[in-house]
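J.: Let me begin by handing over the structure; questions about it come next.
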Amino acid sequence: MAFRNKMIVGFGAALCILLMIGALSYQRFLQEESDQKWVAHTQEVLEQLDAALAASIQLDDERTSLPSPDATYPESGRRAASELLSHIAQIKALTADNRKQQAAQARLAELANARISLAAALGRQSDATATLEENRLQLMTQIRNLFLEMRSEEERLLRARMLRAAGRARQMQAILGLGYALSLVLFAITVYSIFREIEKRRRTEERLLRAQEQYRLLFDSNPIPVWVFDTDTLSILDVNATAVDRYGYSKEEFLRAKITDLRPQENVPELMAALRARQDPIQDSGPWRHRKKSGELIDVQITSYPLTFQGRDARLVVATDITEQKRATDALKQSEEMFRLIVSNIKDYAIIVLDPEGQVISWNGGAQRIKGYATEEILGQHFSVFYPPDDLAAGKPDIELSRARKEGRFEDESWRVRKDGSRFWANVVVTPLNDDTGRLHGFVKITRDVTERKRAEQEILRRSQELETANKELEAFSYSVSHDLRSPLRGIEGFSQALQEDYEQQLDTTAQDYLRRIRVATHRMGELIDDLLDLARVTRAEMHRESIDLTRLANEVAQELRSTEPQRTVALKIADGLQAHGDSRLVRVALQNLIGNAWKFTSKREQAEIEFGEKTANGDRAYFVRDNGAGFDPSYASRLFGAFQRLHAVNEFPGSGIGLATVQRIIHRHGGAVWAEGFVNRGATIYFTLRRPNS
């Protein structure tokens, strides 16, 4: 039963009981009033009996009974007789409802009249006879006894009526007490039910408030745009903060809009059709297009749920932005299509898909061009048809698949056979196709015809061998020529010096200048020969790799340079702890050339600065020698490492132009690289790397 009905029933029952108690109380009031009247009536009868008895006694008093001197009836006797009769008459009227008392009253009236008559008779006689006196006494006794009887009867009636009134009072008290108790119980139960219902409703309201708070928290803090719209008017009833942030509309603008306002006009008919066709309570649909306030269109996936919101039929909408996902999907489709087109149009590579047993299940146009088979001819065939008989006998096809499966990839170059039986040199890569669980679905085999490359490599190898032989012969020739030139050069130098010393006074100024030029040229020629010999030695010398303390070597080279020109002030900074691996003798020669060049090209600086250090370049460890000297034009950087290539005049900076060529030979023999950076009059930096062990 509903709480309202329970409350009505409880209060109705209590009210009925109270009305009944009121009616009983009123009845009790009337009954008590009636009982009081009867008690008063009885009291009045008793009073009348007492008064009548008193009047009778007064009538019987001897003084009132004595005759007066004039022999008439005394006045007091007449008044007593009149009162007696009056009281008897009132008693009759008062006891009209009691036949017994009426009979006694009638008897009393007879006796009273007889007594009055007797009193009158006695009054007329001067001397009462014994008979009259006796009659008087008898009458008086009878009257007194009759009064006592009547009084006893009235007292009995009074007691009975009082007992009956008391019983009715107790009964009414019990009934009223029970009624009041029952009404109080009903009131207590009703009040308890009210308070219980109030508490229940309070808890329900608290749960509702908590639920509303949780709903609002979940609604507002949801990282996905969410709104509620009226299914009849399509008006937006509520919206969360994420939607406000993502779409750019304020909350007020959202609440003034309809869901059709978020769609491009061309999509509205489709939306309306979808709303009319909706049947499932929970519906996923999309992708749809939504328009932001800025006009930007985004792709969304919609999930909607039915609910009652503010007394209206509504739906909760969750709009997931899938713009990037859709772009990625479209890009993937385009990529897949592009990949398919690329694969199908690749002519230089044979791309073949095999099943796990090695049967051909797909191949491209390049495979058809290289292998010579049409698609319908090769599909379903085992890929071993592409191998020469000797490879088939050795089980090479199965070996390749097995190694690809175990190692994740197999690559090989060997001979393959076309449909017409001709052979070609092929570069083959076999890759297994495994899913996320590691299950093998097949293989992809990519084959490239590298016959021409093979021939070119063989030709290059032949020519490289010839070039190596020629280089060795040229180096031997250079070494021999350089060595053989020393003897005549020493002769020219000696005879020039003797001529200058012995015949200086006989030579004029022009001859002396010529002789000086001869000696300078022979000295320069000697330096060139020494540099050529050093370059030849660098190329021909056997390498002995070891750990090298580059810091120590650089300090030794710097000390040698300082000893040659002690008058120069050079700020030379060499990093600590520089280590490398290579031939220490050759690396020392490289450092002598690099630091020596820096020393030379900073000779015109008042504050010369040279630095030897280490840095990371292209992910590898590179060493560098940096100076603030003359520098060079960056456009000529490629010429720095060529033999006899000079970017400065001899009279400006002396040298043969062999030093950096020697450095390059040394670095290349170590498997490293060397390059230069610089600007004119802003210094230069030479970088070099040395191949690490096992790299």
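Lettering and numbering for the structure tokens are positional, with chains as A, B, ... in the shown order, residues counted from 1 in each chain, and ligands counted from 1 in the shown order.
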DSSP on the backbone: what in segment 118-286 of chain A comes out alpha helix (DSSP H), as an MDAnalysis selection string?
T.: chainID A and resid 118:124 130:221 241:247 251:255 268:277
J.: What does the file look like for those residues with C-alpha atoms, as a compact mmCIF listing (two decimals), in the first residue's frame?
T.:
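Wrote out_32.txt, looks like this:
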```
# COMPACT_ATOMS: atom_id res chain seq x y z
CA LEU A 118 -57.41 12.45 65.42
CA ALA A 119 -55.40 15.52 66.42
CA ALA A 120 -58.43 17.67 65.68
CA ALA A 121 -60.60 15.38 67.73
CA LEU A 122 -58.21 15.53 70.57
CA GLY A 123 -58.16 19.26 70.34
CA ARG A 124 -61.89 19.56 70.68
CA ALA A 130 -57.39 6.39 76.51
CA THR A 131 -58.73 5.12 73.22
CA LEU A 132 -57.88 8.25 71.33
CA GLU A 133 -54.46 8.34 72.87
CA GLU A 134 -53.87 4.80 71.94
CA ASN A 135 -55.06 5.45 68.45
CA ARG A 136 -52.73 8.43 68.32
CA LEU A 137 -49.79 6.33 69.33
CA GLN A 138 -50.63 3.60 66.88
CA LEU A 139 -51.06 6.07 64.08
CA MET A 140 -47.84 7.78 65.02
CA THR A 141 -46.01 4.50 65.10
CA GLN A 142 -47.46 3.45 61.77
CA ILE A 143 -46.60 6.80 60.22
CA ARG A 144 -43.05 6.66 61.56
CA ASN A 145 -42.59 3.08 60.40
CA LEU A 146 -43.99 3.92 57.00
CA PHE A 147 -41.62 6.88 56.75
CA LEU A 148 -38.75 4.63 57.67
CA GLU A 149 -39.79 2.08 55.06
CA MET A 150 -40.07 4.71 52.40
CA ARG A 151 -36.76 6.21 53.44
CA SER A 152 -35.14 2.80 53.38
CA GLU A 153 -36.55 2.25 49.89
CA GLU A 154 -35.20 5.60 48.68
CA GLU A 155 -31.84 4.93 50.27
CA ARG A 156 -31.80 1.57 48.57
CA LEU A 157 -32.69 3.25 45.30
CA LEU A 158 -29.99 5.85 45.94
CA ARG A 159 -27.36 3.20 46.57
CA ALA A 160 -28.46 1.20 43.54
CA ARG A 161 -28.43 4.25 41.34
CA MET A 162 -25.05 5.36 42.64
CA LEU A 163 -23.62 1.86 42.12
CA ARG A 164 -25.09 1.76 38.64
CA ALA A 165 -23.71 5.22 37.90
CA ALA A 166 -20.28 4.20 39.27
CA GLY A 167 -20.31 1.01 37.16
CA ARG A 168 -21.25 2.95 34.08
CA ALA A 169 -18.54 5.47 34.90
CA ARG A 170 -15.92 2.71 35.24
CA GLN A 171 -17.13 1.04 32.04
CA MET A 172 -17.04 4.35 30.22
CA GLN A 173 -13.60 5.09 31.67
CA ALA A 174 -12.36 1.69 30.47
CA ILE A 175 -13.88 2.25 27.05
CA LEU A 176 -12.50 5.77 26.86
CA GLY A 177 -9.09 4.65 28.14
CA LEU A 178 -8.97 1.83 25.62
CA GLY A 179 -10.12 4.18 22.87
CA TYR A 180 -7.61 6.81 23.83
CA ALA A 181 -4.88 4.17 24.10
CA LEU A 182 -5.86 2.71 20.74
CA SER A 183 -5.97 6.16 19.16
CA LEU A 184 -2.60 6.99 20.70
CA VAL A 185 -1.19 3.73 19.40
CA LEU A 186 -2.62 4.48 15.97
CA PHE A 187 -1.29 8.01 16.18
CA ALA A 188 2.09 6.69 17.35
CA ILE A 189 2.17 4.12 14.55
CA THR A 190 1.12 6.76 12.06
CA VAL A 191 3.66 9.27 13.34
CA TYR A 192 6.34 6.54 13.38
CA SER A 193 5.40 5.62 9.85
CA ILE A 194 5.55 9.28 8.88
CA PHE A 195 8.98 9.73 10.42
CA ARG A 196 10.12 6.42 8.97
CA GLU A 197 8.86 7.48 5.55
CA ILE A 198 10.50 10.87 6.02
CA GLU A 199 13.78 9.16 6.93
CA LYS A 200 13.36 6.77 4.03
CA ARG A 201 12.69 9.66 1.70
CA ARG A 202 15.63 11.56 3.17
CA ARG A 203 17.90 8.59 2.50
CA THR A 204 16.37 8.22 -0.92
CA GLU A 205 16.92 11.91 -1.59
CA GLU A 206 20.52 11.61 -0.35
CA ARG A 207 21.06 8.61 -2.63
CA LEU A 208 19.41 10.54 -5.41
CA LEU A 209 21.63 13.53 -4.73
CA ARG A 210 24.70 11.28 -4.63
CA ALA A 211 23.55 9.63 -7.82
CA GLN A 212 22.98 13.03 -9.36
CA GLU A 213 26.41 14.17 -8.19
CA GLN A 214 27.98 10.99 -9.58
CA TYR A 215 26.04 11.43 -12.78
CA ARG A 216 27.15 15.06 -13.01
CA LEU A 217 30.72 14.10 -12.16
CA LEU A 218 30.75 11.28 -14.70
CA PHE A 219 28.90 13.43 -17.18
CA ASP A 220 31.10 16.51 -16.86
CA SER A 221 34.42 14.71 -16.39
CA ALA A 241 32.40 20.34 -20.53
CA THR A 242 34.32 18.18 -22.99
CA ALA A 243 31.77 18.84 -25.73
CA VAL A 244 31.93 22.57 -24.97
CA ASP A 245 35.72 22.45 -25.21
CA ARG A 246 35.91 20.27 -28.34
CA TYR A 247 33.15 21.90 -30.35
CA LYS A 251 27.08 25.74 -22.89
CA GLU A 252 24.34 28.32 -23.40
CA GLU A 253 24.77 28.07 -27.18
CA PHE A 254 24.52 24.29 -26.94
CA LEU A 255 21.33 24.48 -24.88
CA VAL A 268 20.21 16.37 -41.91
CA PRO A 269 17.79 14.25 -44.04
CA GLU A 270 19.90 11.17 -43.39
CA LEU A 271 19.89 11.98 -39.66
CA MET A 272 16.10 12.37 -39.57
CA ALA A 273 15.67 9.07 -41.42
CA ALA A 274 17.98 7.36 -38.90
CA LEU A 275 15.99 8.81 -35.97
CA ARG A 276 12.68 7.62 -37.44
CA ALA A 277 14.08 4.15 -38.10
```
J.: Where does DSSP see strand (DSSP E) in segment 233-264 of chain A, if you list the residues as a ChimeraX atom specification?
T.: /A:236-239
J.: Just write the chosen residues, all heavy atoms, as an mmCIF file, in the first residue's frame.
T.:
```cif
data_model
loop_
_atom_site.group_PDB
_atom_site.id
_atom_site.type_symbol
_atom_site.label_atom_id
_atom_site.label_comp_id
_atom_site.auth_asym_id
_atom_site.auth_seq_id
_atom_site.Cartn_x
_atom_site.Cartn_y
_atom_site.Cartn_z
ATOM 1 N N ILE A 236 18.762 20.198 -27.482
ATOM 2 C CA ILE A 236 19.788 19.724 -26.559
ATOM 3 C C ILE A 236 19.432 20.194 -25.155
ATOM 4 O O ILE A 236 19.249 21.387 -24.914
ATOM 5 C CB ILE A 236 21.173 20.230 -26.985
ATOM 6 C CG1 ILE A 236 21.547 19.642 -28.362
ATOM 7 C CG2 ILE A 236 22.232 19.851 -25.950
ATOM 8 C CD1 ILE A 236 22.855 20.162 -28.909
ATOM 9 N N LEU A 237 19.329 19.230 -24.218
ATOM 10 C CA LEU A 237 18.894 19.530 -22.849
ATOM 11 C C LEU A 237 20.059 19.684 -21.889
ATOM 12 O O LEU A 237 19.953 20.392 -20.888
ATOM 13 C CB LEU A 237 17.959 18.427 -22.341
ATOM 14 C CG LEU A 237 16.727 18.146 -23.216
ATOM 15 C CD1 LEU A 237 15.946 16.983 -22.636
ATOM 16 C CD2 LEU A 237 15.864 19.385 -23.337
ATOM 17 N N ASP A 238 21.158 19.022 -22.160
ATOM 18 C CA ASP A 238 22.328 19.116 -21.285
ATOM 19 C C ASP A 238 23.553 18.740 -22.104
ATOM 20 O O ASP A 238 23.452 18.007 -23.099
ATOM 21 C CB ASP A 238 22.184 18.192 -20.069
ATOM 22 C CG ASP A 238 23.130 18.593 -18.935
ATOM 23 O OD1 ASP A 238 23.844 19.608 -19.082
ATOM 24 O OD2 ASP A 238 23.145 17.905 -17.897
ATOM 25 N N VAL A 239 24.720 19.230 -21.686
ATOM 26 C CA VAL A 239 25.960 18.983 -22.419
ATOM 27 C C VAL A 239 27.109 19.025 -21.430
ATOM 28 O O VAL A 239 27.061 19.750 -20.431
ATOM 29 C CB VAL A 239 26.144 20.036 -23.547
ATOM 30 C CG1 VAL A 239 26.303 21.423 -22.966
ATOM 31 C CG2 VAL A 239 27.338 19.693 -24.428
#
```
J.: I'd like the contact shell of segment 364-377 of chain A - 12 Å cut-off, only C-alpha atoms, skipping same-chain residues fewer than 2 positions apart - returned as a PyMOL selection string.
T.: chain A and resi 339-353+360-362+379-383+385-387+416-426+444-451
J.: Hey, can you spit out that residue selection with N, CA and C atoms as a tab-separated table (two decimals), in the first residue's frame?
T.:
```tsv
chain	number	residue	atom	x	y	z
A	339	PHE	N	50.21	0.48	-52.57
A	339	PHE	CA	51.12	-0.66	-52.50
A	339	PHE	C	50.76	-1.72	-53.54
A	340	ARG	N	49.45	-1.95	-53.67
A	340	ARG	CA	49.02	-2.94	-54.67
A	340	ARG	C	49.42	-2.50	-56.08
A	341	LEU	N	49.20	-1.19	-56.33
A	341	LEU	CA	49.57	-0.69	-57.65
A	341	LEU	C	51.08	-0.75	-57.86
A	342	ILE	N	51.82	-0.39	-56.80
A	342	ILE	CA	53.28	-0.44	-56.93
A	342	ILE	C	53.75	-1.86	-57.18
A	343	VAL	N	53.22	-2.79	-56.35
A	343	VAL	CA	53.65	-4.18	-56.50
A	343	VAL	C	53.29	-4.72	-57.87
A	344	SER	N	52.05	-4.40	-58.30
A	344	SER	CA	51.61	-4.94	-59.59
A	344	SER	C	52.36	-4.31	-60.76
A	345	ASN	N	52.88	-3.09	-60.55
A	345	ASN	CA	53.55	-2.40	-61.65
A	345	ASN	C	55.07	-2.46	-61.57
A	346	ILE	N	55.58	-3.03	-60.49
A	346	ILE	CA	57.03	-3.18	-60.41
A	346	ILE	C	57.48	-4.20	-61.45
A	347	LYS	N	58.42	-3.79	-62.27
A	347	LYS	CA	58.90	-4.67	-63.34
A	347	LYS	C	60.28	-5.24	-63.04
A	348	ASP	N	61.03	-4.57	-62.14
A	348	ASP	CA	62.40	-5.01	-61.88
A	348	ASP	C	62.50	-6.04	-60.78
A	349	TYR	N	61.40	-6.25	-60.03
A	349	TYR	CA	61.43	-7.21	-58.93
A	349	TYR	C	60.30	-8.22	-59.12
A	350	ALA	N	60.63	-9.48	-58.92
A	350	ALA	CA	59.62	-10.53	-58.92
A	350	ALA	C	59.16	-10.73	-57.48
A	351	ILE	N	57.91	-10.36	-57.20
A	351	ILE	CA	57.34	-10.50	-55.85
A	351	ILE	C	56.38	-11.66	-55.88
A	352	ILE	N	56.73	-12.72	-55.18
A	352	ILE	CA	55.98	-13.97	-55.22
A	352	ILE	C	55.54	-14.32	-53.81
A	353	VAL	N	54.26	-14.68	-53.65
A	353	VAL	CA	53.73	-15.11	-52.36
A	353	VAL	C	53.55	-16.62	-52.41
A	360	VAL	N	53.08	-21.51	-55.17
A	360	VAL	CA	52.88	-20.13	-55.58
A	360	VAL	C	51.39	-19.80	-55.52
A	361	ILE	N	51.04	-18.76	-54.75
A	361	ILE	CA	49.62	-18.37	-54.65
A	361	ILE	C	49.40	-16.96	-55.20
A	362	SER	N	50.48	-16.19	-55.42
A	362	SER	CA	50.32	-14.85	-55.99
A	362	SER	C	51.67	-14.38	-56.50
A	379	LEU	N	50.53	-20.35	-60.97
A	379	LEU	CA	49.79	-20.46	-59.71
A	379	LEU	C	49.55	-21.93	-59.38
A	380	GLY	N	49.85	-22.29	-58.14
A	380	GLY	CA	49.70	-23.68	-57.70
A	380	GLY	C	50.94	-24.51	-57.89
A	381	GLN	N	51.93	-24.00	-58.65
A	381	GLN	CA	53.18	-24.73	-58.86
A	381	GLN	C	54.12	-24.50	-57.68
A	382	HIS	N	55.02	-25.44	-57.44
A	382	HIS	CA	56.01	-25.27	-56.39
A	382	HIS	C	57.13	-24.38	-56.91
A	383	PHE	N	57.61	-23.49	-56.04
A	383	PHE	CA	58.59	-22.50	-56.50
A	383	PHE	C	59.93	-23.12	-56.87
A	385	VAL	N	60.53	-24.83	-59.32
A	385	VAL	CA	60.68	-24.86	-60.78
A	385	VAL	C	61.66	-23.78	-61.24
A	386	PHE	N	62.00	-22.79	-60.35
A	386	PHE	CA	62.90	-21.72	-60.73
A	386	PHE	C	64.37	-22.07	-60.49
A	387	TYR	N	64.67	-23.27	-59.96
A	387	TYR	CA	66.03	-23.60	-59.55
A	387	TYR	C	66.68	-24.53	-60.57
A	416	ARG	N	69.28	-18.78	-61.23
A	416	ARG	CA	67.90	-19.23	-61.32
A	416	ARG	C	67.58	-19.52	-62.79
A	417	VAL	N	66.45	-20.23	-63.00
A	417	VAL	CA	66.09	-20.71	-64.34
A	417	VAL	C	64.77	-20.08	-64.77
A	418	ARG	N	64.72	-19.54	-65.99
A	418	ARG	CA	63.48	-19.01	-66.56
A	418	ARG	C	62.68	-20.14	-67.19
A	419	LYS	N	61.49	-19.79	-67.66
A	419	LYS	CA	60.63	-20.77	-68.31
A	419	LYS	C	61.29	-21.36	-69.55
A	420	ASP	N	62.04	-20.51	-70.30
A	420	ASP	CA	62.67	-20.98	-71.54
A	420	ASP	C	63.97	-21.73	-71.29
A	421	GLY	N	64.34	-21.91	-69.99
A	421	GLY	CA	65.54	-22.67	-69.67
A	421	GLY	C	66.78	-21.82	-69.50
A	422	SER	N	66.71	-20.53	-69.86
A	422	SER	CA	67.88	-19.66	-69.71
A	422	SER	C	68.11	-19.36	-68.23
A	423	ARG	N	69.35	-19.06	-67.89
A	423	ARG	CA	69.71	-18.77	-66.51
A	423	ARG	C	69.96	-17.28	-66.32
A	424	PHE	N	69.73	-16.83	-65.11
A	424	PHE	CA	70.05	-15.45	-64.73
A	424	PHE	C	70.51	-15.44	-63.29
A	425	TRP	N	71.39	-14.47	-63.01
A	425	TRP	CA	71.91	-14.34	-61.63
A	425	TRP	C	70.90	-13.55	-60.81
A	426	ALA	N	70.41	-14.15	-59.71
A	426	ALA	CA	69.29	-13.58	-58.96
A	426	ALA	C	69.70	-13.25	-57.53
A	444	VAL	N	56.97	-14.58	-48.44
A	444	VAL	CA	57.11	-13.63	-49.55
A	444	VAL	C	58.51	-13.79	-50.09
A	445	LYS	N	58.61	-14.02	-51.41
A	445	LYS	CA	59.91	-14.23	-52.05
A	445	LYS	C	60.10	-13.12	-53.08
A	446	ILE	N	61.12	-12.31	-52.86
A	446	ILE	CA	61.43	-11.20	-53.77
A	446	ILE	C	62.72	-11.54	-54.51
A	447	THR	N	62.59	-11.55	-55.83
A	447	THR	CA	63.73	-11.91	-56.68
A	447	THR	C	64.05	-10.76	-57.62
A	448	ARG	N	65.34	-10.44	-57.71
A	448	ARG	CA	65.77	-9.39	-58.63
A	448	ARG	C	66.83	-9.96	-59.57
A	449	ASP	N	66.65	-9.67	-60.83
A	449	ASP	CA	67.63	-10.11	-61.84
A	449	ASP	C	68.82	-9.16	-61.80
A	450	VAL	N	69.95	-9.65	-61.25
A	450	VAL	CA	71.15	-8.82	-61.12
A	450	VAL	C	72.27	-9.36	-62.00
A	451	THR	N	71.87	-9.96	-63.10
A	451	THR	CA	72.88	-10.52	-64.01
A	451	THR	C	73.83	-9.44	-64.49
```
J.: Could you work out how far atom CA of Glu606 of chain A lies from atom CA of Ala558 of chain A, giving the answer in Å with one decimal?
T.: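 These atoms are spaced 18.1 Å apart.
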J.: Quick one: distance from atom CA of Gly629 of chain A to atom CA of Phe601 of chain A in Å, one decimal?
T.: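 Distance between the two atoms: 5.1 Å.
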J.: Can you measure atom CA of Leu49 of chain A to atom CA of Ile88 of chain A for me? One decimal in Å is fine.
T.: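 Rounded to one decimal, the two atoms are 7.8 Å apart.
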J.: Counting only C-alpha atoms, which residue out of A:Thr431, A:Ser384, A:Gln48, A:Ser235 sits closest to Glu407 of chain A?
T.: A:Thr431
J.: As a list in words, please: the residues near Gly631 of chain A (cut-off 9 Å, only C-alpha atoms, same-chain neighbours under 2 positions excluded).
T.: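 The contact residues come out as Phe601, Asp627, Asn628, Gly629, Asp633, Pro634, Glu677, Gly678, Phe679, Val680, Asn681, Arg682, Gly683, Ala684 and Thr685 of chain A.
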J.: Got a sec: who's within 9 Å of segment 583-585 of chain A, counting only C-alpha atoms, leaving out chain neighbours fewer than 3 positions off, as an mmCIF file with C-alpha atoms, in the first residue's frame?
T.:
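Printed below is part.cif as written:
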```
data_model
loop_
_atom_site.group_PDB
_atom_site.id
_atom_site.type_symbol
_atom_site.label_atom_id
_atom_site.label_comp_id
_atom_site.auth_asym_id
_atom_site.auth_seq_id
_atom_site.Cartn_x
_atom_site.Cartn_y
_atom_site.Cartn_z
ATOM 1 C CA MET A 543 99.757 -1.602 -40.126
ATOM 2 C CA HIS A 544 100.021 -2.682 -36.491
ATOM 3 C CA ARG A 545 96.795 -1.891 -34.599
ATOM 4 C CA GLU A 546 96.910 -1.151 -30.877
ATOM 5 C CA SER A 547 95.398 1.124 -28.240
ATOM 6 C CA ILE A 548 96.608 4.706 -28.703
ATOM 7 C CA ASP A 549 96.768 7.512 -26.156
ATOM 8 C CA LEU A 550 95.920 10.398 -28.479
ATOM 9 C CA LEU A 553 100.732 11.876 -28.881
ATOM 10 C CA ARG A 588 101.314 10.229 -35.052
ATOM 11 C CA VAL A 589 102.165 11.239 -38.645
ATOM 12 C CA ALA A 590 98.535 12.360 -39.124
ATOM 13 C CA HIS A 670 92.161 2.927 -40.661
#
```
J.: Quick one: residues within 12 Å of Gln567 of chain A, only C-alpha atoms counted, chain neighbours fewer than 5 positions away excluded, as a list of chain:residue names?
T.: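 Residues meeting the cut-off are A:Leu561, A:Arg562, A:Ser603, A:Glu606.
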J.: Let's have the selection written as a PDB file, in the first residue's frame, with C-alpha atoms.
T.:
```pdb
ATOM      1  CA  LEU A 561     106.465  22.494 -32.491  1.00  0.00           C
ATOM      2  CA  ARG A 562     107.077  24.754 -29.476  1.00  0.00           C
ATOM      3  CA  SER A 603     101.550  32.194 -37.481  1.00  0.00           C
ATOM      4  CA  GLU A 606      98.920  37.654 -32.326  1.00  0.00           C
TER       5      GLU A 606
END
```
J.: Can you pull out the residues contacting Ile686 of chain A? Cut-off 9 Å, using only C-alpha atoms, and skip same-chain residues under 4 positions away; I want them as a list in words.
T.: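 Near Ile686 of chain A, the qualifying residues are Leu594, Tyr623, Phe624, Val625, Arg626, Val674, Trp675, Ala676, Glu677 and Gly678 of chain A.
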J.: Hey, which of A:Ile399, A:Ala114, A:Val300, A:Ala40 ends up closest to Pro287 of chain A? Count only C-alpha atoms.
T.: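 Of A:Ile399, A:Ala114, A:Val300, A:Ala40, the one nearest Pro287 of chain A, counting only C-alpha atoms, is A:Val300.
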